[in-house]
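Reviewing the structure listed below.
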Amino acid sequence: MLKSTEEVTQNPASTSIINTELLKACKTETGLANQDNVNRWRVDEIVALFELPFSDLMNKAQTMHRENFNPNAVQVSTLLSIKTGGCSEDCGYCPQAARYHTEVEDEPLMKLEDVLIAAKEAQNSGATRFCMGAAWRGPKQRDLEPVLKMIAEVKAMGLETCATLGMLKDGQAEQLKDAGLDFYNHNLDTAPEFYGDVISTRTYQDRLDTLGRVRGADINVCSGGIIGMGESRNQRAGLLAQLANMSKPPESVPINLLTQVEGTPLFGADALDPIEFVRTIAAARITMPQSYVRLSAGRQSMHEGIQALCFLAGANSIFYGEKLLTTGNPEAATDRALFNKLGINKV
Ligand code: SAM
Ligand code: DTB
Ligand code: SF4
């Protein structure tokens, strides 16, 4: 039986339980039921979801979504780049890597008071979570200390806090937790087999280790990836399998459409078919029924009809506000108009 909207409105994540029967049905109908552990996904099972007729896939995703969440509520987070550019890493998509010649100008760590002004503006415009991003390989202790203050003060304003600072060393996640951090974002980015084509300065295992430290410190995990980098459908499914099969899947799963930035190696990659992007969102919803799936980078160039399909496929979180980290995002007023048109409320 589907839950009524009222039953899941208050606290969707905590009132829901995984409907194992529904999951089993999703798998059995694709002819690929894995009887050993219905909550583990094989890559071929996820590929079979991608291959379903579009209406069947959307129906499964929407059913799963309604089982676990209020289908008309979307969580909104605002991003701020607190330290921009000059990064030592070589992520092939990223305009902030020092080695690529892009228009991004390097900026040092922002002052606490300026971060708080931006957080207040985000709160006034309706964001409930404030995510602070830094272009670091990982924070040194002297970098972390001012960020801990930012987190504590943003939290004290009544906002949920999120940070994305790169790889964490032992003990750093605990300091972030003590400062009041609610979520840590660290993306797997893509499937293990494609990863080496995109990044060489840190390994997949490094990323998993950081996620383990975040989980170990009892901080909510935010982890997803980027679609449209030239990966195959199998590899898109491979990314979702990595995320869904974690001993506890991430609470928040950002699915970014590659924003192509001139000067980065991935500039000029073949554009992804928008329907394939919607299919990826649907497969994320089905494989991670209790996670917030965030329709992340790429919305500025995405027709509102495709965004509507993403919400129908189970996306229930967005970045809100006219800027992501260094690239554009729809104006808040444009998003409010879209929400009104679709009858969506903010969580
Ligand atoms: N430097 C930290 C790190 O990489 O862990 C944190 C910031 S980094 C910019 C956060 C994430 O943004 C990346 O892992 C990647 O998934 C996403 N991202 C960066 N550039 C992007 C782009 N051009 N298009 C889509 N997503 C992008
Ligand atoms: C995530 O998955 N997407 C956000 C956030 N986590 C940090 C970043 C998107 C960045 C897009 C390119 C830019 O604005 O620099
Ligand atoms: Fe640096 Fe993060 Fe950009 Fe990679 S994604 S180059 S680590 S800022």
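In the structure tokens, the first chain shown is A, the next is B, and so on; residue numbers restart at 1 for each chain, and ligands run from 1 in the order shown.
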
Please list as an MDAnalysis selection string every residue within 10 Å of Lys169 in chain A, counting only C-alpha atoms and excluding residues in the same chain fewer than 6 positions away. chainID A and resid 138:141 209:210 213

Contacts to ligand 1 at 8 Å cut-off (only C-alpha atoms and all ligand atoms) as a ChimeraX atom specification: /A:87,91,93-96,133-138,164-167,185-189,224-227,256-261,296-298,325,327

So that I can check the surroundings of Ala163 in chain A, please list as a VMD selection string every protein, DNA and RNA residue that reaches within 12 Å of it, counting only C-alpha atoms and ignoring chain neighbours fewer than 5 positions away. chain A and resid 77 to 83 129 to 136 138 to 139 144 147 to 148 150 to 152 154 to 155 168 173 176 to 177 179 to 186 214 219 to 223

How would the residues just picked look written out with C-alpha atoms as a PDB file, in the first residue's frame?
```pdb
ATOM      1  CA  SER A  77      20.401  23.799  -0.817  1.00  0.00           C
ATOM      2  CA  THR A  78      22.447  26.864  -1.697  1.00  0.00           C
ATOM      3  CA  LEU A  79      26.118  26.571  -2.585  1.00  0.00           C
ATOM      4  CA  LEU A  80      28.942  28.986  -1.864  1.00  0.00           C
ATOM      5  CA  SER A  81      32.514  28.645  -3.042  1.00  0.00           C
ATOM      6  CA  ILE A  82      34.432  29.682   0.085  1.00  0.00           C
ATOM      7  CA  LYS A  83      37.831  29.107  -1.595  1.00  0.00           C
ATOM      8  CA  ARG A 129      20.794  23.945   3.700  1.00  0.00           C
ATOM      9  CA  PHE A 130      23.974  25.905   3.038  1.00  0.00           C
ATOM     10  CA  CYS A 131      26.840  24.077   1.365  1.00  0.00           C
ATOM     11  CA  MET A 132      30.359  25.484   1.520  1.00  0.00           C
ATOM     12  CA  GLY A 133      32.781  24.282  -1.147  1.00  0.00           C
ATOM     13  CA  ALA A 134      36.556  24.679  -1.279  1.00  0.00           C
ATOM     14  CA  ALA A 135      38.906  23.967  -4.179  1.00  0.00           C
ATOM     15  CA  TRP A 136      41.305  21.878  -2.150  1.00  0.00           C
ATOM     16  CA  GLY A 138      41.885  18.230   1.098  1.00  0.00           C
ATOM     17  CA  PRO A 139      42.055  20.650   4.025  1.00  0.00           C
ATOM     18  CA  LEU A 144      40.141  23.540   8.603  1.00  0.00           C
ATOM     19  CA  VAL A 147      35.995  26.516   8.227  1.00  0.00           C
ATOM     20  CA  LEU A 148      34.948  24.995  11.574  1.00  0.00           C
ATOM     21  CA  MET A 150      31.971  29.068   9.549  1.00  0.00           C
ATOM     22  CA  ILE A 151      30.113  25.802  10.081  1.00  0.00           C
ATOM     23  CA  ALA A 152      29.317  26.594  13.725  1.00  0.00           C
ATOM     24  CA  VAL A 154      25.941  28.966   9.879  1.00  0.00           C
ATOM     25  CA  LYS A 155      24.431  26.192  11.995  1.00  0.00           C
ATOM     26  CA  LEU A 168      39.657  14.101   4.764  1.00  0.00           C
ATOM     27  CA  ALA A 173      35.554  14.384  10.104  1.00  0.00           C
ATOM     28  CA  LEU A 176      33.639  18.838  11.440  1.00  0.00           C
ATOM     29  CA  LYS A 177      30.978  16.898  13.331  1.00  0.00           C
ATOM     30  CA  ALA A 179      31.512  22.046  14.792  1.00  0.00           C
ATOM     31  CA  GLY A 180      27.944  21.157  13.777  1.00  0.00           C
ATOM     32  CA  LEU A 181      28.318  19.781  10.254  1.00  0.00           C
ATOM     33  CA  ASP A 182      25.196  17.946   9.078  1.00  0.00           C
ATOM     34  CA  PHE A 183      26.331  16.734   5.605  1.00  0.00           C
ATOM     35  CA  TYR A 184      29.676  16.194   3.870  1.00  0.00           C
ATOM     36  CA  ASN A 185      29.686  16.127   0.067  1.00  0.00           C
ATOM     37  CA  HIS A 186      32.320  13.993  -1.618  1.00  0.00           C
ATOM     38  CA  VAL A 214      32.454  10.839   7.128  1.00  0.00           C
ATOM     39  CA  ILE A 219      27.877  12.938   9.494  1.00  0.00           C
ATOM     40  CA  ASN A 220      25.255  12.474   6.764  1.00  0.00           C
ATOM     41  CA  VAL A 221      26.876  11.374   3.514  1.00  0.00           C
ATOM     42  CA  CYS A 222      26.258  13.336   0.307  1.00  0.00           C
ATOM     43  CA  SER A 223      27.800  11.505  -2.639  1.00  0.00           C
TER      44      SER A 223
END
```

So that I can see what lies close to range 315-322 of chain A, please list as an NGL selection string the residues with an atom at most 8 Å from it, counting only C-alpha atoms and leaving out residues fewer than 3 positions away in the same chain. :A and (71 or 73-79 or 122 or 127 or 281-282 or 285 or 292-297 or 310-312 or 328-332 or 335)

Could you please take those selected residues and save N, CA, C and O atoms as a compact mmCIF listing (two decimals), in the first residue's frame?
```txt
# COMPACT_ATOMS: atom_id res chain seq x y z
N PRO A 71 5.74 13.26 -2.74
CA PRO A 71 6.18 13.47 -4.13
C PRO A 71 6.20 14.93 -4.58
O PRO A 71 6.73 15.24 -5.64
N ALA A 73 7.37 17.53 -2.65
CA ALA A 73 8.27 18.33 -1.80
C ALA A 73 9.71 18.17 -2.28
O ALA A 73 10.17 17.05 -2.52
N VAL A 74 10.40 19.28 -2.45
CA VAL A 74 11.79 19.26 -2.93
C VAL A 74 12.66 20.05 -1.95
O VAL A 74 12.31 21.16 -1.54
N GLN A 75 13.77 19.44 -1.57
CA GLN A 75 14.71 20.08 -0.64
C GLN A 75 15.59 21.05 -1.42
O GLN A 75 15.99 20.75 -2.55
N VAL A 76 15.89 22.22 -0.83
CA VAL A 76 16.74 23.18 -1.55
C VAL A 76 17.98 23.56 -0.74
O VAL A 76 17.89 23.92 0.42
N SER A 77 19.11 23.45 -1.41
CA SER A 77 20.40 23.80 -0.82
C SER A 77 21.01 24.93 -1.64
O SER A 77 20.88 24.94 -2.86
N THR A 78 21.70 25.83 -0.96
CA THR A 78 22.45 26.86 -1.70
C THR A 78 23.94 26.63 -1.49
O THR A 78 24.39 26.29 -0.40
N LEU A 79 24.67 26.80 -2.60
CA LEU A 79 26.12 26.57 -2.59
C LEU A 79 26.88 27.89 -2.48
O LEU A 79 26.44 28.90 -3.03
N ALA A 122 20.87 33.39 1.54
CA ALA A 122 20.34 32.10 1.09
C ALA A 122 19.12 31.73 1.94
O ALA A 122 18.09 31.28 1.43
N ALA A 127 16.38 28.88 1.14
CA ALA A 127 17.19 27.66 1.25
C ALA A 127 17.16 27.15 2.69
O ALA A 127 17.07 27.94 3.64
N ILE A 281 18.34 9.51 -13.39
CA ILE A 281 17.67 9.94 -12.15
C ILE A 281 16.70 8.84 -11.69
O ILE A 281 16.65 8.49 -10.50
N ALA A 282 15.94 8.30 -12.63
CA ALA A 282 14.95 7.26 -12.28
C ALA A 282 15.66 6.03 -11.69
O ALA A 282 15.21 5.46 -10.68
N ARG A 285 16.70 6.75 -8.20
CA ARG A 285 15.56 6.69 -7.27
C ARG A 285 15.21 5.25 -6.91
O ARG A 285 14.98 4.92 -5.74
N TYR A 292 17.75 11.22 -0.72
CA TYR A 292 17.37 12.40 -1.51
C TYR A 292 18.23 12.38 -2.77
O TYR A 292 19.46 12.30 -2.69
N VAL A 293 17.58 12.40 -3.93
CA VAL A 293 18.32 12.43 -5.20
C VAL A 293 18.31 13.87 -5.69
O VAL A 293 17.24 14.45 -5.90
N ARG A 294 19.51 14.45 -5.81
CA ARG A 294 19.57 15.88 -6.16
C ARG A 294 19.84 16.08 -7.65
O ARG A 294 20.83 15.57 -8.19
N LEU A 295 18.93 16.79 -8.28
CA LEU A 295 19.12 17.26 -9.66
C LEU A 295 20.08 18.44 -9.53
O LEU A 295 19.68 19.53 -9.13
N SER A 296 21.36 18.20 -9.85
CA SER A 296 22.41 19.14 -9.42
C SER A 296 22.89 20.04 -10.56
O SER A 296 22.07 20.75 -11.14
N ALA A 297 24.19 20.01 -10.87
CA ALA A 297 24.69 20.90 -11.93
C ALA A 297 23.99 20.60 -13.26
O ALA A 297 23.51 19.49 -13.47
N CYS A 310 12.56 15.00 -14.50
CA CYS A 310 13.48 14.55 -13.43
C CYS A 310 12.75 14.50 -12.09
O CYS A 310 12.95 13.55 -11.30
N PHE A 311 11.90 15.49 -11.80
CA PHE A 311 11.13 15.45 -10.54
C PHE A 311 10.17 14.26 -10.55
O PHE A 311 10.00 13.58 -9.55
N LEU A 312 9.57 14.02 -11.72
CA LEU A 312 8.65 12.88 -11.84
C LEU A 312 9.42 11.56 -11.63
O LEU A 312 8.89 10.59 -11.10
N GLY A 328 27.01 29.09 -13.57
CA GLY A 328 25.66 29.60 -13.31
C GLY A 328 24.65 28.50 -13.00
O GLY A 328 24.82 27.32 -13.32
N ASN A 329 23.57 28.95 -12.39
CA ASN A 329 22.43 28.09 -12.02
C ASN A 329 21.21 28.97 -12.28
O ASN A 329 21.34 30.20 -12.31
N PRO A 330 20.02 28.39 -12.47
CA PRO A 330 18.85 29.26 -12.70
C PRO A 330 18.66 30.27 -11.55
O PRO A 330 18.98 29.99 -10.40
N GLU A 331 18.12 31.45 -11.90
CA GLU A 331 17.77 32.45 -10.88
C GLU A 331 16.76 31.84 -9.91
O GLU A 331 15.89 31.05 -10.33
N ALA A 332 16.82 32.28 -8.66
CA ALA A 332 15.86 31.76 -7.65
C ALA A 332 14.42 32.02 -8.11
O ALA A 332 13.54 31.16 -7.94
N ASP A 335 13.27 29.44 -10.52
CA ASP A 335 12.95 28.17 -9.85
C ASP A 335 11.63 28.27 -9.08
O ASP A 335 10.85 27.32 -9.06
```

As a ChimeraX atom specification, please: the residues near Tyr100 in chain A (cut-off 6 Å, only C-alpha atoms, same-chain neighbours under 3 positions excluded). /A:97,263-264

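A straight line drawn from atom 1 (Fe, counted along the ligand's line) of ligand 3 to CA of Asp178 in chain A is 25.2 Å long.
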
Could you pull the residues within 9 Å of range 341-343 of chain A, counting only C-alpha atoms, minus those fewer than 5 positions along the same chain, as a list of chain:residue names? A:Asn72, A:Ala73, A:Ala308, A:Arg336

If you take only C-alpha atoms and a cut-off of 12 Å, which residues of range 244-342 of chain A touch range 230-235 of chain A, and what are their nearest atom pairs and distances in Å to one decimal, in chain and number order, as a tab-separated table?
```
residue	atom	partner	partner_atom	distance
A:Leu257	CA	A:Gly230	CA	11.4
A:Leu258	CA	A:Gly230	CA	9.8
A:Gln260	CA	A:Gly230	CA	11.9
A:Pro265	CA	A:Gly230	CA	11.7
A:Leu266	CA	A:Gly230	CA	8.6
A:Phe267	CA	A:Gly230	CA	11.0
A:Gly268	CA	A:Gly230	CA	10.2
A:Ala269	CA	A:Gly230	CA	6.5
A:Asp270	CA	A:Gly230	CA	6.7
A:Ala271	CA	A:Gly230	CA	8.5
A:Leu272	CA	A:Gly230	CA	8.2
A:Asp273	CA	A:Gly230	CA	11.5
A:Glu276	CA	A:Arg233	CA	8.6
A:Phe277	CA	A:Arg233	CA	10.3
A:Arg279	CA	A:Arg233	CA	10.1
A:Thr280	CA	A:Arg233	CA	9.0
A:Ala283	CA	A:Arg233	CA	11.4
```

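Backbone DSSP of range 9-191 of chain A yields strand (DSSP E) at Ala73, Val74, Gln75, Val76, Ser77, Thr78, Leu79, Leu80, Ser81, Ile82, Lys83, Arg129, Phe130, Cys131, Met132, Gly133, Ala134, Glu160, Thr161, Cys162, Ala163, Thr164, Phe183, Tyr184 and Asn185 of chain A.
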
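You can rank A:Met302, A:Met246, A:Val347, A:Ala98 by their closest distance to ligand 3 using only C-alpha atoms and all ligand atoms, and at the top of that list sits A:Ala98.
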
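Within range 207-263 of chain A, DSSP applied to the backbone places the following residues in alpha helix (DSSP H): Arg207, Leu208, Asp209, Thr210, Leu211, Gly212, Arg213, Val214, Arg215, Gly216, Arg233, Asn234, Gln235, Arg236, Ala237, Gly238, Leu239, Leu240, Ala241, Gln242, Leu243 and Ala244 of chain A.
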
Residue subset to file, keeping N, CA and C atoms, as a PDB file, in the first residue's frame:
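Writing the result to out-v5.pdb gives the following:
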```
ATOM      1  N   ARG A 207      38.622   8.137  -2.400  1.00  0.00           N
ATOM      2  CA  ARG A 207      37.274   8.724  -2.218  1.00  0.00           C
ATOM      3  C   ARG A 207      36.449   7.874  -1.263  1.00  0.00           C
ATOM      4  N   LEU A 208      36.536   6.544  -1.456  1.00  0.00           N
ATOM      5  CA  LEU A 208      35.775   5.658  -0.564  1.00  0.00           C
ATOM      6  C   LEU A 208      36.271   5.814   0.883  1.00  0.00           C
ATOM      7  N   ASP A 209      37.586   5.997   1.038  1.00  0.00           N
ATOM      8  CA  ASP A 209      38.137   6.159   2.392  1.00  0.00           C
ATOM      9  C   ASP A 209      37.582   7.416   3.053  1.00  0.00           C
ATOM     10  N   THR A 210      37.519   8.508   2.275  1.00  0.00           N
ATOM     11  CA  THR A 210      36.963   9.748   2.852  1.00  0.00           C
ATOM     12  C   THR A 210      35.504   9.540   3.238  1.00  0.00           C
ATOM     13  N   LEU A 211      34.747   8.874   2.374  1.00  0.00           N
ATOM     14  CA  LEU A 211      33.335   8.629   2.701  1.00  0.00           C
ATOM     15  C   LEU A 211      33.209   7.772   3.962  1.00  0.00           C
ATOM     16  N   GLY A 212      34.126   6.825   4.126  1.00  0.00           N
ATOM     17  CA  GLY A 212      34.130   5.993   5.331  1.00  0.00           C
ATOM     18  C   GLY A 212      34.383   6.843   6.582  1.00  0.00           C
ATOM     19  N   ARG A 213      35.283   7.814   6.462  1.00  0.00           N
ATOM     20  CA  ARG A 213      35.572   8.685   7.622  1.00  0.00           C
ATOM     21  C   ARG A 213      34.343   9.533   7.962  1.00  0.00           C
ATOM     22  N   VAL A 214      33.648  10.009   6.909  1.00  0.00           N
ATOM     23  CA  VAL A 214      32.454  10.839   7.128  1.00  0.00           C
ATOM     24  C   VAL A 214      31.386   9.998   7.839  1.00  0.00           C
ATOM     25  N   ARG A 215      31.149   8.806   7.325  1.00  0.00           N
ATOM     26  CA  ARG A 215      30.151   7.907   7.928  1.00  0.00           C
ATOM     27  C   ARG A 215      30.545   7.574   9.367  1.00  0.00           C
ATOM     28  N   GLY A 216      31.848   7.305   9.551  1.00  0.00           N
ATOM     29  CA  GLY A 216      32.342   6.927  10.886  1.00  0.00           C
ATOM     30  C   GLY A 216      32.149   8.040  11.906  1.00  0.00           C
ATOM     31  N   ARG A 233      26.579   3.723 -20.828  1.00  0.00           N
ATOM     32  CA  ARG A 233      25.413   3.454 -19.961  1.00  0.00           C
ATOM     33  C   ARG A 233      25.790   2.469 -18.859  1.00  0.00           C
ATOM     34  N   ASN A 234      26.572   1.473 -19.227  1.00  0.00           N
ATOM     35  CA  ASN A 234      27.066   0.501 -18.245  1.00  0.00           C
ATOM     36  C   ASN A 234      27.805   1.203 -17.098  1.00  0.00           C
ATOM     37  N   GLN A 235      28.560   2.221 -17.472  1.00  0.00           N
ATOM     38  CA  GLN A 235      29.331   2.948 -16.453  1.00  0.00           C
ATOM     39  C   GLN A 235      28.431   3.863 -15.615  1.00  0.00           C
ATOM     40  N   ARG A 236      27.383   4.402 -16.238  1.00  0.00           N
ATOM     41  CA  ARG A 236      26.420   5.167 -15.430  1.00  0.00           C
ATOM     42  C   ARG A 236      25.788   4.223 -14.393  1.00  0.00           C
ATOM     43  N   ALA A 237      25.430   3.023 -14.869  1.00  0.00           N
ATOM     44  CA  ALA A 237      24.856   2.030 -13.956  1.00  0.00           C
ATOM     45  C   ALA A 237      25.891   1.629 -12.897  1.00  0.00           C
ATOM     46  N   GLY A 238      27.154   1.565 -13.306  1.00  0.00           N
ATOM     47  CA  GLY A 238      28.235   1.182 -12.386  1.00  0.00           C
ATOM     48  C   GLY A 238      28.397   2.190 -11.251  1.00  0.00           C
ATOM     49  N   LEU A 239      28.260   3.469 -11.572  1.00  0.00           N
ATOM     50  CA  LEU A 239      28.317   4.502 -10.525  1.00  0.00           C
ATOM     51  C   LEU A 239      27.176   4.287  -9.527  1.00  0.00           C
ATOM     52  N   LEU A 240      25.960   4.078 -10.056  1.00  0.00           N
ATOM     53  CA  LEU A 240      24.807   3.902  -9.157  1.00  0.00           C
ATOM     54  C   LEU A 240      24.980   2.649  -8.290  1.00  0.00           C
ATOM     55  N   ALA A 241      25.541   1.593  -8.878  1.00  0.00           N
ATOM     56  CA  ALA A 241      25.757   0.366  -8.095  1.00  0.00           C
ATOM     57  C   ALA A 241      26.710   0.640  -6.929  1.00  0.00           C
ATOM     58  N   GLN A 242      27.775   1.399  -7.194  1.00  0.00           N
ATOM     59  CA  GLN A 242      28.722   1.728  -6.111  1.00  0.00           C
ATOM     60  C   GLN A 242      28.021   2.447  -4.970  1.00  0.00           C
ATOM     61  N   LEU A 243      27.157   3.391  -5.320  1.00  0.00           N
ATOM     62  CA  LEU A 243      26.492   4.204  -4.297  1.00  0.00           C
ATOM     63  C   LEU A 243      25.427   3.378  -3.563  1.00  0.00           C
ATOM     64  N   ALA A 244      24.622   2.639  -4.348  1.00  0.00           N
ATOM     65  CA  ALA A 244      23.493   1.906  -3.763  1.00  0.00           C
ATOM     66  C   ALA A 244      23.969   0.753  -2.880  1.00  0.00           C
TER      67      ALA A 244
END
```

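One finds CA of Leu57 in chain A at 8.3 Å from CA of Ala313 in chain A.
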
Å distance separating CA of Leu338 in chain A from CA of Gly228 in chain A, one decimal place: 24.3 Å

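Closest to ligand 2 among A:Lys60, A:Lys120, A:Lys346, A:Arg299 is A:Arg299, based on only C-alpha atoms and all ligand atoms.
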
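For the set A:Ile344, A:Ala217, A:Val104, A:Ala333, the residue with the smallest atom-to-atom gap to ligand 2 is A:Val104, counting only C-alpha atoms and all ligand atoms.
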
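Among A:Cys162, A:Ala118, A:Ala48, A:Met288, the residue with the shortest atom-to-atom distance to ligand 2, counting only C-alpha atoms and all ligand atoms, is A:Cys162.
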